[in-house]
file entry_24.pdb (PDB, C-alpha atoms)
ATOM      1  CA  MET A 366       2.019 -14.362  24.437
ATOM      2  CA  PHE A 367       1.888 -17.934  23.189
ATOM      3  CA  GLU A 368      -1.299 -19.738  24.199
ATOM      4  CA  THR A 369      -2.236 -23.298  23.240
ATOM      5  CA  ALA A 370      -5.882 -23.925  22.427
ATOM      6  CA  SER A 371      -7.729 -26.167  24.866
ATOM      7  CA  ILE A 372      -8.585 -28.740  22.190
ATOM      8  CA  ALA A 373      -6.522 -30.639  19.639
ATOM      9  CA  TRP A 374      -6.959 -33.087  16.782
ATOM     10  CA  HIS A 375      -5.569 -36.440  17.958
ATOM     11  CA  ASN A 376      -5.612 -39.679  15.965
ATOM     12  CA  GLY A 377      -8.764 -38.709  14.086
ATOM     13  CA  ARG A 378     -10.769 -36.998  16.855
ATOM     14  CA  ILE A 379     -11.055 -33.575  18.473
ATOM     15  CA  VAL A 380     -10.134 -34.023  22.153
ATOM     16  CA  PRO A 381      -8.994 -31.915  25.135
ATOM     17  CA  TYR A 382      -5.350 -31.310  24.317
ATOM     18  CA  GLU A 383      -4.191 -33.033  27.513
ATOM     19  CA  GLN A 384      -5.413 -36.337  26.037
ATOM     20  CA  ALA A 385      -2.787 -36.023  23.312
ATOM     21  CA  ASN A 386       0.065 -35.858  25.816
ATOM     22  CA  PRO A 387       2.697 -38.619  25.656
ATOM     23  CA  SER A 388       3.627 -40.691  28.689
ATOM     24  CA  ILE A 389       6.552 -39.388  30.729
ATOM     25  CA  ALA A 390       8.177 -42.733  29.873
ATOM     26  CA  SER A 391       7.692 -42.280  26.120
ATOM     27  CA  HIS A 392      10.920 -42.508  24.185
ATOM     28  CA  SER A 393       9.643 -39.700  21.987
ATOM     29  CA  LEU A 394       9.964 -37.532  25.091
ATOM     30  CA  HIS A 395      13.238 -39.038  26.275
ATOM     31  CA  LEU A 396      14.994 -39.193  22.896
ATOM     32  CA  GLY A 397      13.340 -36.388  20.945
ATOM     33  CA  LEU A 398      12.031 -38.978  18.498
ATOM     34  CA  GLY A 399       9.250 -37.175  16.704
ATOM     35  CA  VAL A 400       8.599 -35.093  13.602
ATOM     36  CA  PHE A 401       6.628 -31.869  13.428
ATOM     37  CA  ASP A 402       5.714 -29.024  11.124
ATOM     38  CA  GLY A 403       4.375 -25.507  11.459
ATOM     39  CA  ILE A 404       1.552 -23.928   9.479
ATOM     40  CA  MET A 405      -0.004 -20.451   9.757
ATOM     41  CA  ALA A 406      -3.782 -20.184   9.619
ATOM     42  CA  TYR A 407      -4.449 -16.492   8.954
ATOM     43  CA  TRP A 408      -7.827 -15.174  10.046
ATOM     44  CA  ASN A 409      -8.764 -12.501   7.516
ATOM     45  CA  GLY A 410     -11.994 -11.169   8.966
ATOM     46  CA  ASP A 411     -14.481 -13.709   7.655
ATOM     47  CA  HIS A 412     -12.350 -16.682   6.564
ATOM     48  CA  TYR A 413      -9.015 -18.419   7.081
ATOM     49  CA  TYR A 414      -6.170 -18.477   4.609
ATOM     50  CA  ILE A 415      -3.648 -21.296   5.059
ATOM     51  CA  HIS A 416      -0.511 -20.956   2.968
ATOM     52  CA  LYS A 417       0.647 -24.139   1.202
ATOM     53  CA  MET A 418      -0.994 -26.468   3.738
ATOM     54  CA  THR A 419      -0.660 -29.534   1.516
ATOM     55  CA  GLN A 420       3.059 -28.864   1.026
ATOM     56  CA  HIS A 421       3.559 -28.608   4.807
ATOM     57  CA  LEU A 422       1.707 -31.859   5.459
ATOM     58  CA  GLU A 423       3.498 -33.718   2.684
ATOM     59  CA  ARG A 424       6.772 -32.623   4.277
ATOM     60  CA  LEU A 425       5.516 -33.945   7.618
ATOM     61  CA  GLU A 426       4.635 -37.279   6.033
ATOM     62  CA  ASN A 427       7.995 -37.566   4.275
ATOM     63  CA  GLY A 428       9.989 -36.796   7.421
ATOM     64  CA  SER A 429       7.891 -39.191   9.476
ATOM     65  CA  LYS A 430       8.396 -42.062   7.039
ATOM     66  CA  ASN A 431      12.131 -41.416   6.926
ATOM     67  CA  MET A 432      12.238 -41.556  10.726
ATOM     68  CA  GLY A 433      10.301 -44.834  10.869
ATOM     69  CA  LEU A 434       7.209 -43.040  12.174
ATOM     70  CA  GLY A 435       4.855 -43.790   9.316
ATOM     71  CA  TYR A 436       1.158 -43.257  10.017
ATOM     72  CA  SER A 437      -2.061 -44.325   8.322
ATOM     73  CA  TRP A 438      -3.828 -40.954   8.023
ATOM     74  CA  THR A 439      -3.691 -39.344   4.613
ATOM     75  CA  THR A 440      -2.702 -35.767   3.931
ATOM     76  CA  GLN A 441      -6.328 -35.080   3.028
ATOM     77  CA  THR A 442      -7.460 -36.451   6.413
ATOM     78  CA  LEU A 443      -4.996 -34.199   8.246
ATOM     79  CA  GLU A 444      -6.141 -31.204   6.193
ATOM     80  CA  ALA A 445      -9.745 -31.956   7.145
ATOM     81  CA  GLY A 446      -8.623 -32.300  10.771
ATOM     82  CA  ILE A 447      -7.080 -28.818  10.698
ATOM     83  CA  TRP A 448     -10.279 -27.303   9.319
ATOM     84  CA  GLU A 449     -12.356 -29.208  11.891
ATOM     85  CA  LEU A 450     -10.130 -27.897  14.674
ATOM     86  CA  LEU A 451     -10.327 -24.304  13.440
ATOM     87  CA  GLU A 452     -14.112 -24.485  13.188
ATOM     88  CA  GLN A 453     -14.309 -25.193  16.926
ATOM     89  CA  LEU A 454     -11.951 -22.396  17.982
ATOM     90  CA  ILE A 455     -12.421 -18.652  18.433
ATOM     91  CA  PRO A 456     -11.718 -17.066  15.018
ATOM     92  CA  ARG A 457      -8.221 -15.577  15.109
ATOM     93  CA  THR A 458      -4.833 -16.195  13.531
ATOM     94  CA  TYR A 459      -3.251 -19.436  14.735
ATOM     95  CA  TYR A 460       0.027 -21.225  14.357
ATOM     96  CA  ILE A 461      -0.866 -24.847  13.646
ATOM     97  CA  ARG A 462       1.552 -27.484  14.920
ATOM     98  CA  PRO A 463       1.070 -31.065  13.633
ATOM     99  CA  ILE A 464       3.355 -33.515  15.410
ATOM    100  CA  VAL A 465       4.046 -37.235  15.002
ATOM    101  CA  TYR A 466       5.339 -39.182  17.992
ATOM    102  CA  ARG A 467       5.082 -42.335  20.088
ATOM    103  CA  SER A 468       3.118 -41.703  23.255
ATOM    104  CA  GLN A 469       3.306 -45.129  24.919
ATOM    105  CA  PRO A 470       5.610 -45.724  27.921
ATOM    106  CA  THR A 471       8.626 -47.308  26.228
ATOM    107  CA  ILE A 472      11.807 -45.572  27.350
ATOM    108  CA  VAL A 473      14.068 -47.844  25.300
ATOM    109  CA  ILE A 474      14.404 -47.436  21.547
ATOM    110  CA  ALA A 475      11.523 -49.360  19.970
ATOM    111  CA  ASP A 476      10.361 -49.189  16.390
ATOM    112  CA  ASP A 477       7.145 -51.143  16.900
ATOM    113  CA  ALA A 478       5.277 -48.860  19.324
ATOM    114  CA  PRO A 479       2.095 -47.209  17.960
ATOM    115  CA  VAL A 480       2.502 -43.851  16.265
ATOM    116  CA  ASP A 481       0.314 -40.911  17.323
ATOM    117  CA  VAL A 482      -0.518 -37.829  15.271
ATOM    118  CA  ALA A 483      -1.729 -34.669  16.991
ATOM    119  CA  ILE A 484      -2.511 -31.196  15.676
ATOM    120  CA  LEU A 485      -2.347 -28.228  18.053
ATOM    121  CA  ALA A 486      -3.404 -24.623  17.508
ATOM    122  CA  VAL A 487      -1.382 -21.877  19.198
ATOM    123  CA  THR A 488      -1.862 -18.115  19.265
ATOM    124  CA  VAL A 489       1.429 -16.300  18.706
ATOM    125  CA  PRO A 490       2.613 -12.694  19.186
ATOM    126  CA  ARG A 491       2.283 -10.761  15.935
ATOM    127  CA  ASP A 492       5.260  -8.360  16.176
ATOM    128  CA  VAL A 493       5.793  -8.771  12.438
ATOM    129  CA  ASP A 494       7.384  -5.333  11.932
ATOM    130  CA  LYS A 495      10.095  -5.651  14.582
ATOM    131  CA  SER A 496      13.676  -5.572  13.311
ATOM    132  CA  LEU A 497      16.021  -8.125  14.841
ATOM    133  CA  SER A 498      19.564  -8.222  16.146
ATOM    134  CA  CYS A 499      21.539 -11.418  15.652
ATOM    135  CA  GLN A 500      24.637 -12.971  17.141
ATOM    136  CA  ILE A 501      27.024 -15.253  15.297
ATOM    137  CA  SER A 502      26.394 -18.320  17.421
ATOM    138  CA  LYS A 503      29.084 -20.298  19.194
ATOM    139  CA  PHE A 504      26.966 -23.377  18.451
ATOM    140  CA  GLU A 505      27.625 -25.024  15.097
ATOM    141  CA  ARG A 506      24.731 -25.946  12.827
ATOM    142  CA  VAL A 507      24.066 -29.677  13.073
ATOM    143  CA  SER A 508      25.250 -31.550  10.002
ATOM    144  CA  SER A 509      22.773 -33.314   7.727
ATOM    145  CA  ARG A 510      25.194 -36.240   7.781
ATOM    146  CA  ALA A 511      24.390 -36.547  11.495
ATOM    147  CA  ILE A 512      20.650 -35.774  11.423
ATOM    148  CA  PRO A 513      19.025 -34.810   8.109
ATOM    149  CA  VAL A 514      17.852 -31.245   8.717
ATOM    150  CA  ALA A 515      15.120 -31.464   6.051
ATOM    151  CA  TRP A 516      13.127 -33.980   8.118
ATOM    152  CA  LYS A 517      12.191 -31.521  10.921
ATOM    153  CA  VAL A 518      12.996 -34.008  13.675
ATOM    154  CA  CYS A 519      12.073 -32.872  17.183
ATOM    155  CA  GLY A 520      15.438 -33.702  18.754
ATOM    156  CA  THR A 521      17.343 -31.694  16.140
ATOM    157  CA  TYR A 522      15.886 -28.504  17.574
ATOM    158  CA  ILE A 523      18.110 -28.738  20.642
ATOM    159  CA  ASN A 524      20.578 -27.134  18.214
ATOM    160  CA  SER A 525      18.110 -24.289  17.616
ATOM    161  CA  TYR A 526      17.340 -23.906  21.313
ATOM    162  CA  LEU A 527      21.006 -23.533  22.233
ATOM    163  CA  ALA A 528      21.660 -20.994  19.477
ATOM    164  CA  ARG A 529      18.664 -18.820  20.377
ATOM    165  CA  THR A 530      18.970 -18.917  24.162
ATOM    166  CA  SER A 531      22.703 -18.194  23.963
ATOM    167  CA  ALA A 532      22.006 -15.203  21.713
ATOM    168  CA  ARG A 533      19.291 -13.860  23.997
ATOM    169  CA  SER A 534      21.467 -14.167  27.078
ATOM    170  CA  ALA A 535      23.999 -11.984  25.252
ATOM    171  CA  GLY A 536      21.362  -9.350  24.443
ATOM    172  CA  PHE A 537      20.515 -10.384  20.865
ATOM    173  CA  ASP A 538      17.211 -11.595  19.434
ATOM    174  CA  ASP A 539      18.539 -14.669  17.613
ATOM    175  CA  GLY A 540      21.652 -16.611  16.712
ATOM    176  CA  ILE A 541      23.142 -17.159  13.252
ATOM    177  CA  MET A 542      24.804 -20.564  13.050
ATOM    178  CA  LEU A 543      27.783 -21.511  10.916
ATOM    179  CA  ASN A 544      28.134 -25.008   9.471
ATOM    180  CA  GLN A 545      31.021 -27.439   9.903
ATOM    181  CA  ALA A 546      32.956 -25.705   7.135
ATOM    182  CA  GLY A 547      32.635 -22.378   8.954
ATOM    183  CA  ASN A 548      30.216 -20.932   6.394
ATOM    184  CA  VAL A 549      26.972 -19.095   7.129
ATOM    185  CA  ALA A 550      24.012 -21.482   7.517
ATOM    186  CA  GLU A 551      20.838 -20.112   9.111
ATOM    187  CA  ALA A 552      19.237 -18.684  12.239
ATOM    188  CA  SER A 553      17.945 -20.805  15.095
ATOM    189  CA  ALA A 554      14.663 -21.609  13.331
ATOM    190  CA  ALA A 555      14.601 -19.502  10.181
ATOM    191  CA  ASN A 556      16.314 -19.222   6.841
ATOM    192  CA  LEU A 557      18.693 -16.293   6.340
ATOM    193  CA  LEU A 558      18.625 -14.158   3.203
ATOM    194  CA  PHE A 559      20.725 -11.162   2.187
ATOM    195  CA  LEU A 560      20.101  -8.191  -0.110
ATOM    196  CA  HIS A 561      22.846  -6.950  -2.398
ATOM    197  CA  GLN A 562      22.745  -4.801  -5.528
ATOM    198  CA  GLY A 563      19.092  -5.564  -6.216
ATOM    199  CA  ALA A 564      19.475  -9.333  -5.799
ATOM    200  CA  ILE A 565      18.767 -11.864  -3.057
ATOM    201  CA  ILE A 566      21.714 -13.964  -1.902
ATOM    202  CA  THR A 567      21.176 -16.895   0.440
ATOM    203  CA  PRO A 568      23.036 -20.028   1.606
ATOM    204  CA  SER A 569      22.525 -23.007  -0.684
ATOM    205  CA  LEU A 570      20.829 -26.155   0.591
ATOM    206  CA  ASP A 571      24.163 -27.993   0.816
ATOM    207  CA  SER A 572      25.100 -25.575   3.623
ATOM    208  CA  ASP A 573      23.063 -27.720   6.080
ATOM    209  CA  ILE A 574      20.075 -25.416   5.968
ATOM    210  CA  PHE A 575      16.397 -26.253   6.219
ATOM    211  CA  PRO A 576      14.476 -26.127   2.880
ATOM    212  CA  GLY A 577      11.863 -23.716   4.170
ATOM    213  CA  ILE A 578       8.501 -23.171   2.527
ATOM    214  CA  THR A 579       8.618 -19.437   3.312
ATOM    215  CA  ARG A 580      12.084 -19.353   1.722
ATOM    216  CA  ASP A 581      10.567 -20.889  -1.407
ATOM    217  CA  THR A 582       7.754 -18.334  -1.307
ATOM    218  CA  VAL A 583      10.320 -15.521  -1.286
ATOM    219  CA  PHE A 584      11.906 -17.133  -4.347
ATOM    220  CA  ASP A 585       8.516 -17.191  -6.090
ATOM    221  CA  ILE A 586       7.913 -13.525  -5.287
ATOM    222  CA  ALA A 587      11.391 -12.606  -6.500
ATOM    223  CA  ASP A 588      10.848 -14.512  -9.738
ATOM    224  CA  ASN A 589       7.611 -12.625 -10.394
ATOM    225  CA  LEU A 590       9.427  -9.338  -9.748
ATOM    226  CA  GLY A 591      12.315 -10.275 -12.021
ATOM    227  CA  VAL A 592      14.716 -10.242  -9.057
ATOM    228  CA  SER A 593      17.699 -12.593  -9.150
ATOM    229  CA  VAL A 594      18.079 -15.174  -6.385
ATOM    230  CA  ILE A 595      21.581 -16.546  -5.880
ATOM    231  CA  GLU A 596      22.031 -19.649  -3.723
ATOM    232  CA  ARG A 597      25.673 -20.147  -2.809
ATOM    233  CA  THR A 598      28.244 -20.579  -0.066
ATOM    234  CA  ILE A 599      28.499 -17.459   2.098
ATOM    235  CA  LYS A 600      31.596 -16.717   4.162
ATOM    236  CA  PRO A 601      31.251 -14.846   7.484
ATOM    237  CA  ASP A 602      33.513 -12.024   6.282
ATOM    238  CA  GLU A 603      30.976 -11.283   3.522
ATOM    239  CA  LEU A 604      28.509  -9.996   6.111
ATOM    240  CA  ALA A 605      30.088  -6.554   5.780
ATOM    241  CA  VAL A 606      29.242  -6.395   2.054
ATOM    242  CA  PHE A 607      25.472  -6.902   2.095
ATOM    243  CA  GLU A 608      22.999  -4.016   2.130
ATOM    244  CA  GLY A 609      20.352  -5.889   4.097
ATOM    245  CA  ALA A 610      19.487  -9.184   5.737
ATOM    246  CA  PHE A 611      16.272 -10.846   6.816
ATOM    247  CA  LEU A 612      14.904 -14.080   8.233
ATOM    248  CA  ALA A 613      12.165 -16.170   6.655
ATOM    249  CA  SER A 614      10.069 -18.802   8.401
ATOM    250  CA  THR A 615       6.430 -19.785   8.812
ATOM    251  CA  MET A 616       6.079 -18.268  12.270
ATOM    252  CA  MET A 617       8.412 -15.279  11.803
ATOM    253  CA  GLU A 618       7.241 -14.612   8.233
ATOM    254  CA  LEU A 619       9.797 -12.095   6.883
ATOM    255  CA  LYS A 620      11.759 -10.339   9.623
ATOM    256  CA  PRO A 621      14.257  -7.567   8.881
ATOM    257  CA  ILE A 622      17.652  -7.715  10.603
ATOM    258  CA  TYR A 623      19.297  -4.472  11.726
ATOM    259  CA  CYS A 624      22.542  -6.046  12.853
ATOM    260  CA  ILE A 625      24.527  -9.260  12.913
ATOM    261  CA  GLU A 626      26.885  -8.455  15.764
ATOM    262  CA  TYR A 627      28.768  -5.325  14.593
ATOM    263  CA  TYR A 628      27.564  -5.513  10.984
ATOM    264  CA  GLN A 629      24.772  -2.937  10.582
ATOM    265  CA  TYR A 630      21.901  -3.010   8.078
ATOM    266  CA  GLU A 631      18.945  -0.779   7.217
ATOM    267  CA  THR A 632      16.850  -3.683   5.996
ATOM    268  CA  ALA A 633      13.480  -2.290   7.064
ATOM    269  CA  LYS A 634      14.065   0.737   4.811
ATOM    270  CA  ASN A 635      15.398  -1.302   1.896
ATOM    271  CA  GLU A 636      13.122  -0.908  -1.134
ATOM    272  CA  LEU A 637      13.438  -4.531  -2.256
ATOM    273  CA  PHE A 638      12.684  -5.861   1.222
ATOM    274  CA  GLN A 639       9.638  -3.600   1.482
ATOM    275  CA  ARG A 640       8.334  -4.949  -1.850
ATOM    276  CA  LEU A 641       8.913  -8.553  -0.786
ATOM    277  CA  LEU A 642       7.159  -7.970   2.533
ATOM    278  CA  ALA A 643       4.189  -6.175   0.971
ATOM    279  CA  ILE A 644       3.609  -8.975  -1.531
ATOM    280  CA  PHE A 645       4.008 -11.623   1.154
ATOM    281  CA  HIS A 646       1.303  -9.886   3.208
ATOM    282  CA  GLU A 647      -0.940  -9.762   0.130
ATOM    283  CA  ILE A 648      -0.519 -13.523  -0.286
ATOM    284  CA  THR A 649      -1.287 -14.352   3.329
ATOM    285  CA  HIS A 650      -4.268 -12.020   3.612
ATOM    286  CA  GLN A 651      -6.294 -13.362   0.704
TER     287      GLN A 651
END
call {"tool": "encode", "arguments": {"input": "entry_24.pdb", "output": "structure tokens"}}
result
Amino acid sequence: MFETASIAWHNGRIVPYEQANPSIASHSLHLGLGVFDGIMAYWNGDHYYIHKMTQHLERLENGSKNMGLGYSWTTQTLEAGIWELLEQLIPRTYYIRPIVYRSQPTIVIADDAPVDVAILAVTVPRDVDKSLSCQISKFERVSSRAIPVAWKVCGTYINSYLARTSARSAGFDDGIMLNQAGNVAEASAANLLFLHQGAIITPSLDSDIFPGITRDTVFDIADNLGVSVIERTIKPDELAVFEGAFLASTMMELKPIYCIEYYQYETAKNELFQRLLAIFHEITHQ
């Protein structure tokens, strides 16, 4: 069960998380005008391990600036804020959600309203070994020419919401979206990777996919193992060829897929996937 901690870091202070709420008249709420990121803080018995925290926060800063939501706090200040927040919480694994938004009551589009930065901590279900079923979504992946997907803009995730809820209503765990060209893009909120003949094959960034940090981590692991990673266009009819498929994201980590509609995979038993997963767990449990 997801549970938000009762306190949050907000504009430089630890406060009850309700104090970080935007006004119901905020155009961040009405228009989805905000930028966020997601970071795992793994509790490993006597200390936390946070994977690539600086990289996550630099991505947050870049997306915020591109959206006209620049803020004055440095990455180092936000890092210190995350540690301060964790120190005041019950020790456990948390999903950390920094978010940049405008909280003031301004329902019209305004680029001069103050910018808020909040950091929340959320406990998340840890069903990391569950294999997933996926539907080829009827909802097309939003184009980066419409909204740049690399910026992690709040409103863009309506696309993700529609893909996932549609898949779940049809009895699947998640939806796989195709891009405007009809090629395979990604899941609702995770990168999609395939296993074939000892290599990893995944949609290239020009397929309107998010440049995920966990995706990059898989690439690093593969490089250390001497495993080839091929980024390219993937057609839907290729789904029958692959030996395995899995999702990669900060919250999901690495999740094996056992089917994409009628295409069946034994990903959880795949030797390469098992090696990738074992090394990923070693990294996150330092």
call {"tool": "resolve_selection", "arguments": {"input": "entry_24.pdb", "expression": "the PyMOL selection byres ((chain A and resi 446-451) around 9)", "output": "ChimeraX atom specification"}}
result
/A:372-375,377-379,406,413,441-445,452-456,459,461,463,484-486
call {"tool": "closest_residue", "arguments": {"input": "entry_24.pdb", "among": "A:Gly403, A:Pro621, A:Gly547, A:Gly428", "to": "Ser572 in chain A", "atoms": "all atoms listed in the file"}}
result
A:Gly547
call {"tool": "closest_residue", "arguments": {"input": "entry_24.pdb", "among": "A:Thr521, A:Val549, A:Leu497, A:Ile566", "to": "Arg533 in chain A", "atoms": "only C-alpha atoms"}}
result
A:Leu497
call {"tool": "closest_residue", "arguments": {"input": "entry_24.pdb", "among": "A:His561, A:His650, A:His392, A:Lys517", "to": "Leu422 in chain A", "atoms": "only C-alpha atoms"}}
result
A:Lys517
call {"tool": "atom_distance", "arguments": {"input": "entry_24.pdb", "atom1": "CA of Pro601 in chain A", "atom2": "CA of Ser534 in chain A"}}
result
21.9 Å
call {"tool": "resolve_selection", "arguments": {"input": "entry_24.pdb", "expression": "the PyMOL selection byres ((chain A and resi 508) around 12)", "output": "list in words"}}
result
Phe504, Glu505, Arg506, Val507, Ser509, Arg510, Ala511, Ile512, Pro513, Val514, Ala515, Thr521, Asn524, Met542, Leu543, Asn544, Gln545, Ala546, Gly547, Ala550, Leu570, Asp571, Ser572, Asp573, Ile574 and Phe575 of chain A
call {"tool": "closest_residue", "arguments": {"input": "entry_24.pdb", "among": "A:Ile565, A:Met616, A:Ile578, A:Ile389", "to": "Ser593 in chain A", "atoms": "only C-alpha atoms"}}
result
A:Ile565
call {"tool": "resolve_selection", "arguments": {"input": "entry_24.pdb", "expression": "the PyMOL selection byres ((chain A and resi 639-642) around 10)", "output": "VMD selection string"}}
result
chain A and resid 494 582 to 584 586 to 587 590 618 to 621 632 to 638 643 to 648
call {"tool": "axis_aligned_box", "arguments": {"input": "entry_24.pdb", "around": "range 581-595 of chain A", "padding_each_side": "8 Å", "output": "AutoDock Vina command-line options"}}
result
--center_x 14.6 --center_y -15.1 --center_z -6.7 --size_x 30.0 --size_y 27.6 --size_z 26.7
call {"tool": "residues_around", "arguments": {"input": "entry_24.pdb", "residues": "range 467-471 of chain A", "least_positions_apart": "6", "cutoff": "10 Å", "atoms": "all atoms listed in the file", "output": "list in words"}}
result
Ala385, Asn386, Pro387, Ser388, Ile389, Ala390, Ser391, His392, Ser393, Leu394, His395, Leu398, Gly399, Leu434, Asp477, Ala478, Pro479, Val480, Asp481 and Val482 of chain A
call {"tool": "closest_residue", "arguments": {"input": "entry_24.pdb", "among": "A:Ala610, A:Leu396, A:Met617, A:Ile599", "to": "Asn548 in chain A", "atoms": "all atoms listed in the file"}}
result
A:Ile599
call {"tool": "residues_around", "arguments": {"input": "entry_24.pdb", "residues": "Trp516 in chain A", "least_positions_apart": "6", "cutoff": "10 Å", "atoms": "only C-alpha atoms", "output": "PyMOL selection string"}}
result
chain A and resi 399-402+424-432+509+575-576
call {"tool": "write_last_selection", "arguments": {"input": "entry_24.pdb", "atoms": "C-alpha atoms", "output": "PDB file, keeping the file's coordinate frame"}}
result
ATOM      1  CA  GLY A 399       9.250 -37.175  16.704  1.00  0.00           C
ATOM      2  CA  VAL A 400       8.599 -35.093  13.602  1.00  0.00           C
ATOM      3  CA  PHE A 401       6.628 -31.869  13.428  1.00  0.00           C
ATOM      4  CA  ASP A 402       5.714 -29.024  11.124  1.00  0.00           C
ATOM      5  CA  ARG A 424       6.772 -32.623   4.277  1.00  0.00           C
ATOM      6  CA  LEU A 425       5.516 -33.945   7.618  1.00  0.00           C
ATOM      7  CA  GLU A 426       4.635 -37.279   6.033  1.00  0.00           C
ATOM      8  CA  ASN A 427       7.995 -37.566   4.275  1.00  0.00           C
ATOM      9  CA  GLY A 428       9.989 -36.796   7.421  1.00  0.00           C
ATOM     10  CA  SER A 429       7.891 -39.191   9.476  1.00  0.00           C
ATOM     11  CA  LYS A 430       8.396 -42.062   7.039  1.00  0.00           C
ATOM     12  CA  ASN A 431      12.131 -41.416   6.926  1.00  0.00           C
ATOM     13  CA  MET A 432      12.238 -41.556  10.726  1.00  0.00           C
ATOM     14  CA  SER A 509      22.773 -33.314   7.727  1.00  0.00           C
ATOM     15  CA  PHE A 575      16.397 -26.253   6.219  1.00  0.00           C
ATOM     16  CA  PRO A 576      14.476 -26.127   2.880  1.00  0.00           C
TER      17      PRO A 576
END
call {"tool": "atom_distance", "arguments": {"input": "entry_24.pdb", "atom1": "CA of Tyr627 in chain A", "atom2": "CA of Ala613 in chain A"}}
result
21.4 Å
call {"tool": "atom_distance", "arguments": {"input": "entry_24.pdb", "atom1": "CA of Cys499 in chain A", "atom2": "CA of Ser569 in chain A"}}
result
20.1 Å
